[in-house]
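K.L.:
The structure is given below, and queries will be raised subsequently.
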Amino acid sequence: MTTLKSKLKEDLNAAIKERDELRSSTLRLTLTAITKEEVAGKTKRELSDDEVQKVITREAKKRREAADAFAQGGRAESAEREKAEGELLATYLPKPLGDDELEAIVAQAVAEAKAAGAEGPRAMGAVMKIVNPKVAGLAEGGRVAAAVKKSLAG
């Protein structure tokens, strides 16, 4: 079993013993999503820590989007719950990149793309290919794309 998955299971057991309903339900849902991912496809397999992290990232993003939707729908209590679940899941993820760090990575990638002959707004794809592996799991795709567009426009 992967170390991140085992940590989630240990934390789930602790949350159940402490009768922490929010933590236990959130971790249960996340472990279910991980198990679902493991049995997807033709054969069952163990997920690596990176793959487990991607599942947690996806689950945290779902919580953020649901919180926004509930807030817009005037359901503040449900929005707070989703937000709390998202924050709980974020504790299992690496610290996201700050704006300065992201801009530095994007600037370096733009310079690499220009050296390879890609310039202007058309270079977006080439720059994203360079940036994405470097920021995987540390920044959301929309935020990365916005930084790349800004850098290419400037």
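Here's how to read the names in the structure tokens: chain A, B, ... by the order shown, residue numbers from 1 in each chain, ligand numbers from 1 in the order shown.
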Please identify the helix (DSSP H, G or I) residues within chain A (assignment by DSSP from backbone atoms) and present them as an MDAnalysis selection string.
P.N.:
chainID A and resid 3:17 21:39 49:72 76:90 99:115 121:135 141:153
K.L.:
Please provide as a PyMOL selection string all residues within 9 Å of Ala66 of chain A, with the sequence filter that same-chain residues fewer than 4 positions apart are discarded (counting only C-alpha atoms).
P.N.:
chain A and resi 61-62+70-71+78-79+82-83
K.L.:
So that I have them on file, write out the residues from the current selection with C-alpha atoms, as a PDB file, in the first residue's frame.
P.N.:
ATOM      1  CA  LYS A  61     -11.124  20.807  -6.499  1.00  0.00           C
ATOM      2  CA  LYS A  62     -14.618  19.263  -6.487  1.00  0.00           C
ATOM      3  CA  PHE A  70     -23.600  26.482  -2.875  1.00  0.00           C
ATOM      4  CA  ALA A  71     -22.532  30.033  -2.018  1.00  0.00           C
ATOM      5  CA  SER A  78     -23.533  23.634   2.704  1.00  0.00           C
ATOM      6  CA  ALA A  79     -20.908  25.979   1.252  1.00  0.00           C
ATOM      7  CA  GLU A  82     -17.682  21.875   1.371  1.00  0.00           C
ATOM      8  CA  LYS A  83     -15.080  24.546   2.063  1.00  0.00           C
TER       9      LYS A  83
END
K.L.:
May I have the residues within 12 Å of Glu101 of chain A as number ranges by chain, using only C-alpha atoms and disregarding those fewer than 3 positions away in the same chain?
P.N.:
A: 95-98, 104-108, 131, 134-135, 138-139, 144, 147
K.L.:
Ranking A:Lys149, A:Lys5, A:Arg63, A:Lys114 by minimum distance to Ser48 of chain A and counting only C-alpha atoms, which one comes first?
P.N.:
A:Lys5
K.L.:
Enumerate, in order of chain and increasing residue number, the residues of segment 50-89 of chain A with an atom no farther than 12 Å from segment 14-37 of chain A, each with its shortest atom pair and distance in Å to one decimal, counting only C-alpha atoms, as a tab-separated table.
P.N.:
residue	atom	partner	partner_atom	distance
A:Asp50	CA	A:Ile34	CA	11.7
A:Glu51	CA	A:Ile34	CA	8.8
A:Val52	CA	A:Ile34	CA	6.5
A:Gln53	CA	A:Ile34	CA	9.5
A:Lys54	CA	A:Ile34	CA	9.5
A:Val55	CA	A:Ile34	CA	6.3
A:Ile56	CA	A:Thr30	CA	6.7
A:Thr57	CA	A:Thr30	CA	10.0
A:Arg58	CA	A:Ala33	CA	9.6
A:Glu59	CA	A:Thr30	CA	6.8
A:Ala60	CA	A:Thr30	CA	9.2
A:Lys62	CA	A:Thr30	CA	11.2
A:Arg63	CA	A:Thr26	CA	10.0
A:Glu80	CA	A:Leu22	CA	11.4
A:Arg81	CA	A:Leu22	CA	8.1
A:Glu82	CA	A:Thr26	CA	9.5
A:Lys83	CA	A:Leu22	CA	11.2
A:Ala84	CA	A:Leu22	CA	8.2
A:Glu85	CA	A:Thr26	CA	6.1
A:Gly86	CA	A:Thr26	CA	8.8
A:Glu87	CA	A:Thr26	CA	10.5
A:Leu88	CA	A:Arg23	CA	7.4
A:Leu89	CA	A:Thr26	CA	7.9
K.L.:
For the selection just defined, write its residues with C-alpha atoms to a file, as an mmCIF file, in the first residue's frame.
P.N.:
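Written file, selection-v7.cif:
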data_model
loop_
_atom_site.group_PDB
_atom_site.id
_atom_site.type_symbol
_atom_site.label_atom_id
_atom_site.label_comp_id
_atom_site.auth_asym_id
_atom_site.auth_seq_id
_atom_site.Cartn_x
_atom_site.Cartn_y
_atom_site.Cartn_z
ATOM 1 C CA ASP A 50 1.664 10.600 -7.123
ATOM 2 C CA GLU A 51 -1.533 9.031 -8.441
ATOM 3 C CA VAL A 52 -3.133 9.145 -4.975
ATOM 4 C CA GLN A 53 -2.136 12.802 -4.789
ATOM 5 C CA LYS A 54 -3.866 13.465 -8.130
ATOM 6 C CA VAL A 55 -7.050 11.848 -6.799
ATOM 7 C CA ILE A 56 -6.885 13.991 -3.639
ATOM 8 C CA THR A 57 -6.288 17.092 -5.769
ATOM 9 C CA ARG A 58 -9.317 16.237 -7.905
ATOM 10 C CA GLU A 59 -11.467 15.676 -4.809
ATOM 11 C CA ALA A 60 -10.303 18.983 -3.259
ATOM 12 C CA LYS A 62 -14.618 19.263 -6.487
ATOM 13 C CA ARG A 63 -15.116 20.589 -2.947
ATOM 14 C CA GLU A 80 -19.100 26.117 4.616
ATOM 15 C CA ARG A 81 -19.121 22.313 4.886
ATOM 16 C CA GLU A 82 -17.682 21.875 1.371
ATOM 17 C CA LYS A 83 -15.080 24.546 2.063
ATOM 18 C CA ALA A 84 -14.051 22.810 5.304
ATOM 19 C CA GLU A 85 -13.758 19.466 3.471
ATOM 20 C CA GLY A 86 -11.601 21.098 0.785
ATOM 21 C CA GLU A 87 -9.307 22.621 3.410
ATOM 22 C CA LEU A 88 -9.001 19.246 5.145
ATOM 23 C CA LEU A 89 -7.979 17.572 1.883
#
K.L.:
Could you check the closest approach to Val110 of chain A for each of A:Lys150, A:Lys7, A:Lys42, A:Arg75 and tell me which residue wins, using only C-alpha atoms?
P.N.:
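Of A:Lys150, A:Lys7, A:Lys42, A:Arg75, the one nearest Val110 of chain A, counting only C-alpha atoms, is A:Lys150.
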K.L.:
Would you work out the distance separating atom CA of Leu12 of chain A from atom CA of Asp49 of chain A, expressed in Å to one decimal?
P.N.:
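These atoms are spaced 17.5 Å apart.
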K.L.:
Do you have the atom CA of Val148 of chain A-atom CA of Ala136 of chain A distance handy?
P.N.:
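Atom CA of Ala136 of chain A lies at a distance of 14.8 Å from atom CA of Val148 of chain A.
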K.L.:
Select, from A:Val39, A:Ala69, A:Leu152, A:Ala76, the residue with the minimum atom-to-atom distance to Arg122 of chain A, counting only C-alpha atoms.
P.N.:
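Checking each candidate against Arg122 of chain A, we get A:Leu152 as the closest.
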